[in-house]
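Q: The structure file data05.tsv (TSV, C-alpha atoms and all ligand atoms) is provided below.
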chain	number	residue	atom	x	y	z
X	32	MET	CA	13.32	20.63	-7.76
X	33	SER	CA	10.74	19.56	-10.35
X	34	GLU	CA	7.14	19.25	-9.24
X	35	LYS	CA	6.52	15.96	-11.05
X	36	PRO	CA	7.40	13.12	-8.68
X	37	PHE	CA	10.42	11.00	-9.48
X	38	ILE	CA	8.59	8.09	-7.92
X	39	SER	CA	4.82	7.92	-7.52
X	40	ILE	CA	3.06	5.63	-5.10
X	41	GLU	CA	-0.41	5.28	-6.55
X	42	GLY	CA	-3.08	3.76	-4.38
X	43	ILE	CA	-1.14	0.76	-3.16
X	44	ALA	CA	-2.66	-1.76	-0.75
X	45	LYS	CA	-1.19	-4.83	0.92
X	46	ARG	CA	-2.87	-7.73	2.63
X	47	PHE	CA	-1.31	-10.62	4.51
X	48	GLY	CA	-3.93	-13.37	4.79
X	49	ALA	CA	-7.14	-11.76	5.98
X	50	GLN	CA	-5.35	-8.69	7.37
X	51	VAL	CA	-5.31	-5.53	5.26
X	52	VAL	CA	-2.14	-3.82	6.45
X	53	PHE	CA	-2.57	-0.61	4.44
X	54	GLU	CA	-4.72	0.59	1.59
X	55	ASP	CA	-5.14	3.62	-0.66
X	56	VAL	CA	-1.60	4.82	-0.02
X	57	HIS	CA	-0.70	7.71	-2.30
X	58	PHE	CA	2.35	9.98	-2.22
X	59	GLY	CA	5.29	10.92	-4.38
X	60	VAL	CA	8.97	11.70	-3.97
X	61	ARG	CA	10.39	14.40	-6.22
X	62	GLN	CA	13.82	14.43	-7.79
X	63	GLY	CA	16.37	15.62	-5.21
X	64	GLU	CA	13.87	15.46	-2.39
X	65	PHE	CA	14.29	13.76	1.01
X	66	VAL	CA	11.02	12.22	2.18
X	67	ALA	CA	10.63	10.50	5.54
X	68	LEU	CA	7.80	8.17	6.55
X	69	ILE	CA	6.69	7.97	10.18
X	70	GLY	CA	4.06	5.70	11.68
X	71	HIS	CA	3.59	3.24	14.49
X	72	SER	CA	5.04	-0.25	14.44
X	73	GLY	CA	3.10	-2.60	12.19
X	74	CYS	CA	1.44	0.02	9.95
X	75	GLY	CA	3.36	-1.32	6.96
X	76	LYS	CA	6.35	1.00	6.55
X	77	THR	CA	8.89	-1.72	5.75
X	78	THR	CA	6.40	-3.34	3.39
X	79	ILE	CA	6.04	-0.02	1.54
X	80	LEU	CA	9.83	0.35	1.32
X	81	ASN	CA	10.11	-3.21	0.00
X	82	VAL	CA	7.54	-2.37	-2.67
X	83	LEU	CA	9.54	0.74	-3.64
X	84	ALA	CA	12.69	-1.38	-3.78
X	85	GLY	CA	10.92	-3.92	-6.02
X	86	LEU	CA	11.39	-6.64	-3.40
X	87	ASP	CA	7.66	-7.01	-2.76
X	88	GLN	CA	4.51	-6.32	-4.76
X	89	PRO	CA	1.35	-4.52	-3.73
X	90	ASP	CA	-1.98	-6.34	-3.97
X	91	SER	CA	-3.41	-3.35	-5.76
X	92	GLY	CA	-2.17	0.00	-7.00
X	93	ALA	CA	1.24	0.63	-8.53
X	94	VAL	CA	4.53	2.38	-7.98
X	95	LEU	CA	5.68	4.36	-10.99
X	96	VAL	CA	9.17	5.59	-11.79
X	97	GLY	CA	8.64	8.04	-14.63
X	98	ASN	CA	5.88	6.32	-16.60
X	99	ASP	CA	6.92	2.75	-15.80
X	100	ALA	CA	5.62	0.53	-13.02
X	101	ILE	CA	8.33	-1.02	-10.85
X	102	SER	CA	8.64	-4.69	-11.70
X	103	GLY	CA	11.63	-5.78	-9.62
X	104	PRO	CA	14.81	-4.64	-7.87
X	105	SER	CA	17.13	-2.24	-9.68
X	106	LEU	CA	20.55	-0.76	-9.07
X	107	ASP	CA	18.79	2.58	-9.57
X	108	ARG	CA	17.24	2.16	-6.13
X	109	ALA	CA	19.73	1.26	-3.42
X	110	VAL	CA	18.53	0.08	-0.02
X	111	ILE	CA	20.11	0.69	3.37
X	112	PHE	CA	18.56	-1.77	5.79
X	113	GLN	CA	18.15	-1.40	9.54
X	114	SER	CA	20.77	-4.05	10.09
X	115	HIS	CA	23.70	-3.63	7.77
X	116	ALA	CA	23.14	-6.70	5.49
X	117	LEU	CA	26.83	-6.96	4.56
X	118	LEU	CA	28.43	-10.09	3.13
X	119	PRO	CA	30.33	-11.43	6.16
X	120	TRP	CA	33.16	-13.06	4.18
X	121	LEU	CA	34.10	-9.85	2.35
X	122	SER	CA	36.11	-6.91	3.72
X	123	ALA	CA	34.60	-3.43	4.01
X	124	ILE	CA	35.98	-2.42	0.63
X	125	GLY	CA	35.11	-5.87	-0.78
X	126	ASN	CA	31.46	-5.34	0.11
X	127	ILE	CA	31.45	-1.99	-1.65
X	128	SER	CA	33.36	-3.19	-4.72
X	129	PHE	CA	30.98	-6.15	-5.09
X	130	ALA	CA	28.15	-3.66	-5.67
X	131	VAL	CA	30.29	-1.33	-7.80
X	132	ARG	CA	31.33	-4.17	-10.12
X	133	SER	CA	27.69	-5.17	-10.63
X	134	ARG	CA	26.90	-1.57	-11.52
X	135	TRP	CA	29.84	-1.02	-13.90
X	136	PRO	CA	30.98	-4.51	-15.03
X	137	LYS	CA	33.41	-3.08	-17.60
X	138	TRP	CA	35.50	-1.09	-15.11
X	139	ASP	CA	39.02	-2.37	-14.51
X	140	GLY	CA	40.31	-3.24	-11.04
X	141	GLU	CA	41.98	0.12	-10.47
X	142	ALA	CA	38.88	2.11	-11.45
X	143	VAL	CA	36.77	0.04	-9.04
X	144	ARG	CA	39.33	0.35	-6.24
X	145	SER	CA	39.72	4.12	-6.47
X	146	HIS	CA	35.96	4.64	-6.74
X	147	CYS	CA	35.38	2.49	-3.62
X	148	GLN	CA	38.17	4.24	-1.73
X	149	ARG	CA	36.49	7.57	-2.38
X	150	TYR	CA	33.31	6.35	-0.66
X	151	ILE	CA	35.27	4.68	2.17
X	152	ASP	CA	36.88	8.08	2.79
X	153	LEU	CA	33.59	9.95	2.49
X	154	VAL	CA	31.96	7.94	5.29
X	155	GLY	CA	35.05	8.17	7.50
X	156	LEU	CA	36.25	4.58	7.24
X	157	THR	CA	39.77	5.28	5.97
X	158	GLY	CA	42.07	2.67	7.49
X	159	ALA	CA	39.35	0.06	7.98
X	160	GLU	CA	39.18	-1.02	4.32
X	161	THR	CA	40.38	-4.57	4.82
X	162	LYS	CA	38.39	-5.38	7.96
X	163	ARG	CA	35.56	-7.87	7.69
X	164	PRO	CA	32.10	-7.04	9.15
X	165	ALA	CA	32.77	-9.13	12.29
X	166	GLN	CA	35.79	-6.89	13.00
X	167	LEU	CA	33.78	-3.66	12.70
X	168	SER	CA	31.57	-1.87	15.25
X	169	GLY	CA	27.83	-1.46	14.58
X	170	GLY	CA	28.34	2.14	13.46
X	171	MET	CA	31.20	1.17	11.15
X	172	LYS	CA	29.11	-1.60	9.57
X	173	GLN	CA	26.30	0.85	8.96
X	174	ARG	CA	28.82	3.24	7.34
X	175	VAL	CA	29.88	0.46	4.96
X	176	GLY	CA	26.19	-0.03	4.10
X	177	ILE	CA	25.83	3.70	3.42
X	178	ALA	CA	29.03	3.82	1.34
X	179	ARG	CA	27.92	0.75	-0.64
X	180	ALA	CA	24.53	2.30	-1.37
X	181	LEU	CA	25.93	5.71	-2.39
X	182	ALA	CA	28.83	4.26	-4.41
X	183	ILE	CA	26.53	2.82	-7.07
X	184	HIS	CA	25.09	6.32	-7.70
X	185	PRO	CA	21.49	5.21	-7.26
X	186	LYS	CA	18.77	7.44	-8.63
X	187	MET	CA	17.04	6.87	-5.32
X	188	LEU	CA	18.20	5.85	-1.87
X	189	LEU	CA	15.79	3.84	0.29
X	190	MET	CA	16.54	3.64	4.01
X	191	ASP	CA	14.66	1.58	6.60
X	192	GLU	CA	15.44	2.98	10.06
X	193	PRO	CA	19.12	3.10	9.12
X	194	PHE	CA	20.37	4.44	12.46
X	195	SER	CA	17.97	2.87	14.95
X	196	ALA	CA	20.33	0.14	16.12
X	197	LEU	CA	23.12	2.63	16.92
X	198	ASP	CA	24.00	4.47	20.11
X	199	ALA	CA	22.94	8.12	20.26
X	200	LEU	CA	26.43	9.51	19.61
X	201	THR	CA	27.10	7.38	16.53
X	202	ARG	CA	23.59	8.01	15.29
X	203	GLY	CA	24.15	11.76	15.47
X	204	VAL	CA	27.45	11.58	13.60
X	205	LEU	CA	25.96	9.43	10.84
X	206	GLN	CA	22.89	11.67	10.55
X	207	ASP	CA	25.25	14.61	9.99
X	208	GLU	CA	27.11	12.63	7.35
X	209	VAL	CA	23.96	11.61	5.50
X	210	LEU	CA	22.72	15.21	5.65
X	211	ARG	CA	25.99	16.44	4.17
X	212	LEU	CA	26.26	13.73	1.50
X	213	CYS	CA	22.66	14.07	0.36
X	214	ALA	CA	22.91	17.86	0.19
X	215	ALA	CA	26.16	17.64	-1.80
X	216	THR	CA	24.81	15.13	-4.32
X	217	HIS	CA	21.13	16.21	-4.40
X	218	GLN	CA	20.32	12.58	-3.71
X	219	THR	CA	16.65	11.57	-3.86
X	220	VAL	CA	15.87	9.73	-0.61
X	221	PHE	CA	13.00	7.86	1.00
X	222	MET	CA	13.60	7.02	4.65
X	223	ILE	CA	11.58	5.25	7.31
X	224	THR	CA	12.17	6.36	10.86
X	225	HIS	CA	10.60	6.25	14.30
X	226	ASP	CA	12.63	9.24	15.38
X	227	VAL	CA	10.77	12.54	15.05
X	228	ASP	CA	13.92	14.64	15.54
X	229	GLU	CA	15.74	12.65	12.88
X	230	ALA	CA	12.89	13.19	10.42
X	231	ILE	CA	12.87	16.95	11.05
X	232	LEU	CA	16.65	17.17	10.73
X	233	LEU	CA	16.88	15.23	7.47
X	234	ALA	CA	13.62	15.37	5.54
X	235	ASP	CA	12.02	17.97	3.29
X	236	ARG	CA	8.61	16.37	3.77
X	237	ILE	CA	7.40	13.90	6.38
X	238	VAL	CA	4.62	11.45	5.50
X	239	LEU	CA	2.47	10.54	8.51
X	240	MET	CA	0.79	7.14	8.44
X	241	THR	CA	-2.15	6.12	10.56
X	242	ASN	CA	-2.09	2.95	12.62
X	243	GLY	CA	-2.93	-0.32	10.94
X	244	PRO	CA	-4.88	-2.27	9.99
X	245	TYR	CA	-6.14	-0.32	6.98
X	246	ALA	CA	-3.34	2.20	7.51
X	247	LYS	CA	-3.18	5.12	5.14
X	248	VAL	CA	-1.38	8.44	4.70
X	249	ALA	CA	-3.10	10.90	7.02
X	250	GLU	CA	-1.12	13.98	5.97
X	251	ILE	CA	2.23	15.17	4.75
X	252	VAL	CA	4.17	17.65	6.87
X	253	VAL	CA	6.24	20.12	4.89
X	254	ASN	CA	9.47	20.92	6.69
X	255	THR	CA	9.71	24.71	6.57
X	256	LEU	CA	13.12	24.86	8.29
X	257	PRO	CA	15.94	26.20	6.09
X	258	ARG	CA	17.51	23.33	4.16
X	259	GLU	CA	20.97	24.31	5.39
X	260	ARG	CA	20.50	23.10	8.95
X	261	SER	CA	22.61	21.24	11.47
X	262	ARG	CA	21.87	18.97	14.39
X	263	HIS	CA	23.41	21.50	16.76
X	264	ASP	CA	21.19	24.48	16.01
X	265	VAL	CA	18.07	23.10	14.34
X	266	HIS	CA	16.09	23.15	17.61
X	267	LYS	CA	16.71	26.89	18.01
X	268	HIS	CA	14.67	27.72	14.93
X	269	PRO	CA	11.15	28.96	15.76
X	270	HIS	CA	9.55	26.39	13.42
X	271	TYR	CA	11.23	23.44	15.09
X	272	TYR	CA	9.01	22.80	18.09
X	273	ARG	CA	5.85	23.59	16.16
X	274	ILE	CA	6.72	20.87	13.66
X	275	ARG	CA	7.86	18.52	16.40
X	276	ASN	CA	4.75	19.02	18.55
X	277	HIS	CA	2.53	18.52	15.54
X	278	ILE	CA	4.13	15.17	14.66
X	279	VAL	CA	4.25	13.96	18.27
X	280	ASP	CA	0.60	14.90	18.70
X	281	PHE	CA	-0.20	12.90	15.59
X	282	LEU	CA	1.69	9.85	16.84
X	283	VAL	CA	0.24	10.00	20.35
X	284	GLU	CA	-3.35	10.89	19.49
X	285	ARG	CA	-4.51	11.31	15.94
X	286	SER	CA	-2.81	8.29	14.34
X	287	ARG	CA	-4.98	5.79	16.20
X	288	ARG	CA	-8.36	7.48	15.90
X	289	PHE	CA	-7.91	8.84	12.41
X	290	ASP	CA	-10.74	6.82	10.88
X	291	GLU	CA	-13.25	8.11	13.46
X	292	ASP	CA	-12.09	11.71	13.39
X	293	ARG	CA	-10.87	12.34	9.90
X	294	PRO	CA	-11.89	15.61	8.26
X	295	ARG	CA	-14.88	15.22	5.99
X	296	ASP	CA	-12.95	16.40	2.94
X	297	TYR	CA	-10.08	13.94	3.49
X	298	ASP	CA	-9.14	12.27	0.22
X	299	PRO	CA	-6.45	9.56	0.42
X	300	MET	CA	-5.50	10.29	-3.20
X	301	HIS	CA	-4.49	13.79	-2.13
X	302	PRO	CA	-3.42	13.67	1.51
X	303	PRO	CA	-3.31	17.23	2.87
X	304	GLU	CA	0.08	18.94	2.99
X	305	VAL	CA	0.45	20.87	6.24
X	306	ARG	CA	3.01	23.43	7.35
X	307	PRO	CA	2.87	23.44	11.17
X	308	GLY	CA	6.17	25.33	11.31
X	309	LEU	CA	4.37	28.41	9.97
X	310	GLY	CA	1.88	28.20	12.82
X	311	GLU	CA	-0.96	26.75	10.78
X	312	PRO	CA	-3.44	25.09	13.11
X	313	PRO	CA	-3.76	21.30	12.95
X	314	PRO	CA	-6.74	19.91	11.03
X	315	PRO	CA	-9.89	20.50	13.09
X	316	ALA	CA	-11.11	17.62	15.21
X	317	PRO	CA	-14.85	17.09	14.68
X	318	LEU	CA	-17.15	17.79	17.60
X	319	ARG	CA	-17.98	14.67	19.56
X	320	ALA	CA	-21.27	13.98	21.24
X	321	VAL	CA	-20.92	13.99	25.00
X	322	THR	CA	-22.25	10.70	26.35
X	401	LIG	N1	5.75	-11.75	5.07
X	401	LIG	C1	4.76	-11.46	5.91
X	401	LIG	N2	3.79	-12.36	6.20
X	401	LIG	C2	2.77	-12.06	7.01
X	401	LIG	N3	2.61	-10.87	7.62
X	401	LIG	C3	3.53	-9.94	7.38
X	401	LIG	C4	4.66	-10.17	6.52
X	401	LIG	N4	5.41	-9.03	6.46
X	401	LIG	C5	4.79	-8.16	7.27
X	401	LIG	N5	3.68	-8.68	7.81
X	401	LIG	C6	2.72	-7.99	8.69
X	401	LIG	O1	2.38	-6.77	8.07
X	401	LIG	C7	2.32	-5.73	9.02
X	401	LIG	C8	3.26	-4.61	8.60
X	401	LIG	O2	4.61	-5.05	8.66
X	401	LIG	P1	5.82	-4.06	8.43
X	401	LIG	O3	7.06	-4.82	8.70
X	401	LIG	O4	5.68	-3.45	7.07
X	401	LIG	O5	5.54	-2.95	9.54
X	401	LIG	P2	6.42	-1.69	9.98
X	401	LIG	O6	5.51	-0.51	9.91
X	401	LIG	O7	7.68	-1.65	9.20
X	401	LIG	O8	6.72	-2.01	11.51
X	401	LIG	P3	8.01	-1.66	12.40
X	401	LIG	O9	7.90	-0.21	12.73
X	401	LIG	O10	7.83	-2.53	13.60
X	401	LIG	O11	9.23	-2.00	11.60
X	401	LIG	C9	2.63	-6.35	10.36
X	401	LIG	O12	1.42	-6.62	11.01
X	401	LIG	C10	3.36	-7.63	10.02
X	401	LIG	O13	3.11	-8.60	10.97
X	402	MG	MG	9.70	-1.86	9.72
Starting from the file, give its structure as structure tokens.
Ligand SMILES: Nc1ncnc2c1ncn2[C@@H]1O[C@H](COP(=O)(O)OP(=O)(O)OP(=O)(O)O)[C@@H](O)[C@H]1O
Ligand SMILES: [Mg+2]
A:
Amino acid sequence: MSEKPFISIEGIAKRFGAQVVFEDVHFGVRQGEFVALIGHSGCGKTTILNVLAGLDQPDSGAVLVGNDAISGPSLDRAVIFQSHALLPWLSAIGNISFAVRSRWPKWDGEAVRSHCQRYIDLVGLTGAETKRPAQLSGGMKQRVGIARALAIHPKMLLMDEPFSALDALTRGVLQDEVLRLCAATHQTVFMITHDVDEAILLADRIVLMTNGPYAKVAEIVVNTLPRERSRHDVHKHPHYYRIRNHIVDFLVERSRRFDEDRPRDYDPMHPPEVRPGLGEPPPPAPLRAVT
């Protein structure tokens, strides 16, 4: 994994009317890395993902891929939305081939079909190729969305709470599949989630955002669990609950009073990277005057 980020978020800020949603947001995602973003509702996570996708623009700052600022959507960055966003009049395989044909317009029908079938099979939808979205369950629709995103071989996969609308069982199965597919293809991923366990299972680093308005990146948690991990045994690792407790403590306590309590040397351009799994103590809370 190279140290230079594949995508660099450099000091972006976004305002809607008089409300500054976030500002001074800096982080990067390296090639082959899986980065998750966690923060409370309304802190601007979807807006950040839309900026990364090229669907929205920051009011200041820039997002760089290599040396170039993102100027619009690209097939290099595929998005998996919270709700599947499939074309309702096309079958499962039709939805995937629509994207594949945009990516490789010169491919003949057979090349497109066999490529799409491979991704249908990979996400466990064999047999459901010709069904339209209305004939598929929520989990199956989300699988089509995942297959469609992966089939165009994006340089980066962007996911906005991709499993949050699913029941726990389906969510678990799909998390396993994404873990397996991303490990096999060394896919670079940026994912938003509200689910701490999901972030620890899937991500190499977890970006923690403070509450809005004026949200920013408080710190970045490095996941020190072995990369070969599974949903069934990850919680048995000694690092697991340290990482989990650290993130939950952030969400419950530190995310809302970050501006009052932040360490004096905090620099939003270089949010601290922490490794709670190794037993490092959390950043010190400043002493408060007793009133
Ligand atoms: N197009 C828009 N016009 C006005 N305000 C907007 C717009 N899009 C988002 N906002 C506001 O910006 C803030 C951040 O929205 P965003 O959807 O990015 O939050 P989020 O962190 O993804 O929240 P959630 O966890 O609920 O999905 C919210 O206060 C929202 O109301
Ligand atoms: Mg959102």
Q: Please list, as an mmCIF file with C-alpha atoms, in the coordinates of the input, the residues that have an atom at most 10 Å away from (-1.2, -7.2, 2.7) in the coordinates of this file, counting all atoms listed in the file.
A:
data_model
loop_
_atom_site.group_PDB
_atom_site.id
_atom_site.type_symbol
_atom_site.label_atom_id
_atom_site.label_comp_id
_atom_site.auth_asym_id
_atom_site.auth_seq_id
_atom_site.Cartn_x
_atom_site.Cartn_y
_atom_site.Cartn_z
ATOM 1 C CA ILE X 43 -1.140 0.760 -3.160
ATOM 2 C CA ALA X 44 -2.660 -1.760 -0.750
ATOM 3 C CA LYS X 45 -1.190 -4.830 0.920
ATOM 4 C CA ARG X 46 -2.870 -7.730 2.630
ATOM 5 C CA PHE X 47 -1.310 -10.620 4.510
ATOM 6 C CA GLY X 48 -3.930 -13.370 4.790
ATOM 7 C CA ALA X 49 -7.140 -11.760 5.980
ATOM 8 C CA GLN X 50 -5.350 -8.690 7.370
ATOM 9 C CA VAL X 51 -5.310 -5.530 5.260
ATOM 10 C CA VAL X 52 -2.140 -3.820 6.450
ATOM 11 C CA PHE X 53 -2.570 -0.610 4.440
ATOM 12 C CA GLU X 54 -4.720 0.590 1.590
ATOM 13 C CA GLY X 75 3.360 -1.320 6.960
ATOM 14 C CA THR X 78 6.400 -3.340 3.390
ATOM 15 C CA GLN X 88 4.510 -6.320 -4.760
ATOM 16 C CA PRO X 89 1.350 -4.520 -3.730
ATOM 17 C CA ASP X 90 -1.980 -6.340 -3.970
ATOM 18 C CA SER X 91 -3.410 -3.350 -5.760
ATOM 19 C CA PRO X 244 -4.880 -2.270 9.990
ATOM 20 C CA TYR X 245 -6.140 -0.320 6.980
#
Q: In terms of the shortest atom-to-atom distance over all atoms listed in the file, which of X:Asp107, X:Asp191, X:Asp139, X:Glu64 is closest to ligand MG 402 (chain X)?
A: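 Of all the options, X:Asp191 lies closest to ligand MG 402 (chain X).
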Q: Dump the neighbourhood of ligand MG 402 (chain X) as a PDB file with C-alpha atoms, in the coordinates of the input: all residues within 12 Å, distances computed on all atoms listed in the file.
A:
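As a result, selection-v3.pdb now contains:
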ATOM      1  CA  LEU X  68       7.800   8.170   6.550  1.00  0.00           C
ATOM      2  CA  ILE X  69       6.690   7.970  10.180  1.00  0.00           C
ATOM      3  CA  GLY X  70       4.060   5.700  11.680  1.00  0.00           C
ATOM      4  CA  HIS X  71       3.590   3.240  14.490  1.00  0.00           C
ATOM      5  CA  SER X  72       5.040  -0.250  14.440  1.00  0.00           C
ATOM      6  CA  GLY X  73       3.100  -2.600  12.190  1.00  0.00           C
ATOM      7  CA  CYS X  74       1.440   0.020   9.950  1.00  0.00           C
ATOM      8  CA  GLY X  75       3.360  -1.320   6.960  1.00  0.00           C
ATOM      9  CA  LYS X  76       6.350   1.000   6.550  1.00  0.00           C
ATOM     10  CA  THR X  77       8.890  -1.720   5.750  1.00  0.00           C
ATOM     11  CA  THR X  78       6.400  -3.340   3.390  1.00  0.00           C
ATOM     12  CA  ILE X  79       6.040  -0.020   1.540  1.00  0.00           C
ATOM     13  CA  LEU X  80       9.830   0.350   1.320  1.00  0.00           C
ATOM     14  CA  ASN X  81      10.110  -3.210   0.000  1.00  0.00           C
ATOM     15  CA  PHE X 112      18.560  -1.770   5.790  1.00  0.00           C
ATOM     16  CA  GLN X 113      18.150  -1.400   9.540  1.00  0.00           C
ATOM     17  CA  SER X 114      20.770  -4.050  10.090  1.00  0.00           C
ATOM     18  CA  MET X 190      16.540   3.640   4.010  1.00  0.00           C
ATOM     19  CA  ASP X 191      14.660   1.580   6.600  1.00  0.00           C
ATOM     20  CA  GLU X 192      15.440   2.980  10.060  1.00  0.00           C
ATOM     21  CA  PRO X 193      19.120   3.100   9.120  1.00  0.00           C
ATOM     22  CA  SER X 195      17.970   2.870  14.950  1.00  0.00           C
ATOM     23  CA  MET X 222      13.600   7.020   4.650  1.00  0.00           C
ATOM     24  CA  ILE X 223      11.580   5.250   7.310  1.00  0.00           C
ATOM     25  CA  THR X 224      12.170   6.360  10.860  1.00  0.00           C
ATOM     26  CA  HIS X 225      10.600   6.250  14.300  1.00  0.00           C
TER      27      HIS X 225
END
Q: Excluding Arg134 of chain X and any residue of its chain fewer than 3 positions from it, enumerate the residues within 8 Å of it, using all atoms listed in the file, and give them as an MDAnalysis selection string.
A: chainID X and resid 106 130:131 183
Q: Find the distance between atom CA of Pro164 of chain X and atom CA of His115 of chain X and write it in Å to one decimal.
A: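 Interatomic distance, atom CA of Pro164 of chain X to atom CA of His115 of chain X: 9.2 Å.
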Q: Any idea what the distance is between atom CA of Met171 of chain X and atom CA of Leu232 of chain X?
A: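 Atom CA of Leu232 of chain X lies 21.6 Å from atom CA of Met171 of chain X.
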Q: So how far away is atom CA of Arg202 of chain X from atom CA of Val110 of chain X, in Å?
A: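 It comes out at 18.0 Å.
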Q: Nearest to ligand LIG 401 (chain X): which of X:Leu153, X:Val305, X:Leu233, X:Val82 is it, counting only C-alpha atoms and all ligand atoms?
A: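 The answer is X:Val82, which sits nearest to ligand LIG 401 (chain X).
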Q: Nearest residue to Ser122 of chain X out of X:Arg108, X:Asp207, X:Leu167, X:His146, using only C-alpha atoms?
A: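 Ranking X:Arg108, X:Asp207, X:Leu167, X:His146 by distance to Ser122 of chain X, first place goes to X:Leu167.
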Q: Would you mind putting back N, CA and C atoms on segment 290-303 of chain X, then writing it out as a PDB file, keeping the file's coordinate frame?
A:
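Saved file result_19.pdb follows:
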ATOM      1  N   ASP X 290      -9.552   7.201  11.640  1.00  0.00           N
ATOM      2  CA  ASP X 290     -10.740   6.820  10.880  1.00  0.00           C
ATOM      3  C   ASP X 290     -12.026   7.395  11.488  1.00  0.00           C
ATOM      4  N   GLU X 291     -12.052   7.520  12.838  1.00  0.00           N
ATOM      5  CA  GLU X 291     -13.250   8.110  13.460  1.00  0.00           C
ATOM      6  C   GLU X 291     -13.299   9.608  13.251  1.00  0.00           C
ATOM      7  N   ASP X 292     -12.121  10.250  13.297  1.00  0.00           N
ATOM      8  CA  ASP X 292     -12.090  11.710  13.390  1.00  0.00           C
ATOM      9  C   ASP X 292     -11.699  12.426  12.104  1.00  0.00           C
ATOM     10  N   ARG X 293     -11.486  11.670  11.035  1.00  0.00           N
ATOM     11  CA  ARG X 293     -10.870  12.340   9.900  1.00  0.00           C
ATOM     12  C   ARG X 293     -11.775  13.430   9.314  1.00  0.00           C
ATOM     13  N   PRO X 294     -11.107  14.515   8.822  1.00  0.00           N
ATOM     14  CA  PRO X 294     -11.890  15.610   8.260  1.00  0.00           C
ATOM     15  C   PRO X 294     -12.760  15.105   7.120  1.00  0.00           C
ATOM     16  N   ARG X 295     -13.922  15.710   6.982  1.00  0.00           N
ATOM     17  CA  ARG X 295     -14.880  15.220   5.990  1.00  0.00           C
ATOM     18  C   ARG X 295     -14.313  15.276   4.577  1.00  0.00           C
ATOM     19  N   ASP X 296     -13.464  16.262   4.311  1.00  0.00           N
ATOM     20  CA  ASP X 296     -12.950  16.400   2.940  1.00  0.00           C
ATOM     21  C   ASP X 296     -11.655  15.609   2.716  1.00  0.00           C
ATOM     22  N   TYR X 297     -11.312  14.730   3.656  1.00  0.00           N
ATOM     23  CA  TYR X 297     -10.080  13.940   3.490  1.00  0.00           C
ATOM     24  C   TYR X 297     -10.208  13.039   2.253  1.00  0.00           C
ATOM     25  N   ASP X 298      -9.162  13.097   1.420  1.00  0.00           N
ATOM     26  CA  ASP X 298      -9.140  12.270   0.220  1.00  0.00           C
ATOM     27  C   ASP X 298      -7.784  11.572   0.186  1.00  0.00           C
ATOM     28  N   PRO X 299      -7.755  10.237   0.356  1.00  0.00           N
ATOM     29  CA  PRO X 299      -6.450   9.560   0.420  1.00  0.00           C
ATOM     30  C   PRO X 299      -5.616   9.735  -0.844  1.00  0.00           C
ATOM     31  N   MET X 300      -6.271  10.057  -1.965  1.00  0.00           N
ATOM     32  CA  MET X 300      -5.500  10.290  -3.200  1.00  0.00           C
ATOM     33  C   MET X 300      -4.699  11.576  -3.114  1.00  0.00           C
ATOM     34  N   HIS X 301      -5.174  12.501  -2.293  1.00  0.00           N
ATOM     35  CA  HIS X 301      -4.490  13.790  -2.130  1.00  0.00           C
ATOM     36  C   HIS X 301      -4.381  14.103  -0.645  1.00  0.00           C
ATOM     37  N   PRO X 302      -3.518  13.377   0.086  1.00  0.00           N
ATOM     38  CA  PRO X 302      -3.420  13.670   1.510  1.00  0.00           C
ATOM     39  C   PRO X 302      -3.009  15.129   1.719  1.00  0.00           C
ATOM     40  N   PRO X 303      -3.617  15.798   2.699  1.00  0.00           N
ATOM     41  CA  PRO X 303      -3.310  17.230   2.870  1.00  0.00           C
ATOM     42  C   PRO X 303      -1.845  17.457   3.203  1.00  0.00           C
TER      43      PRO X 303
END
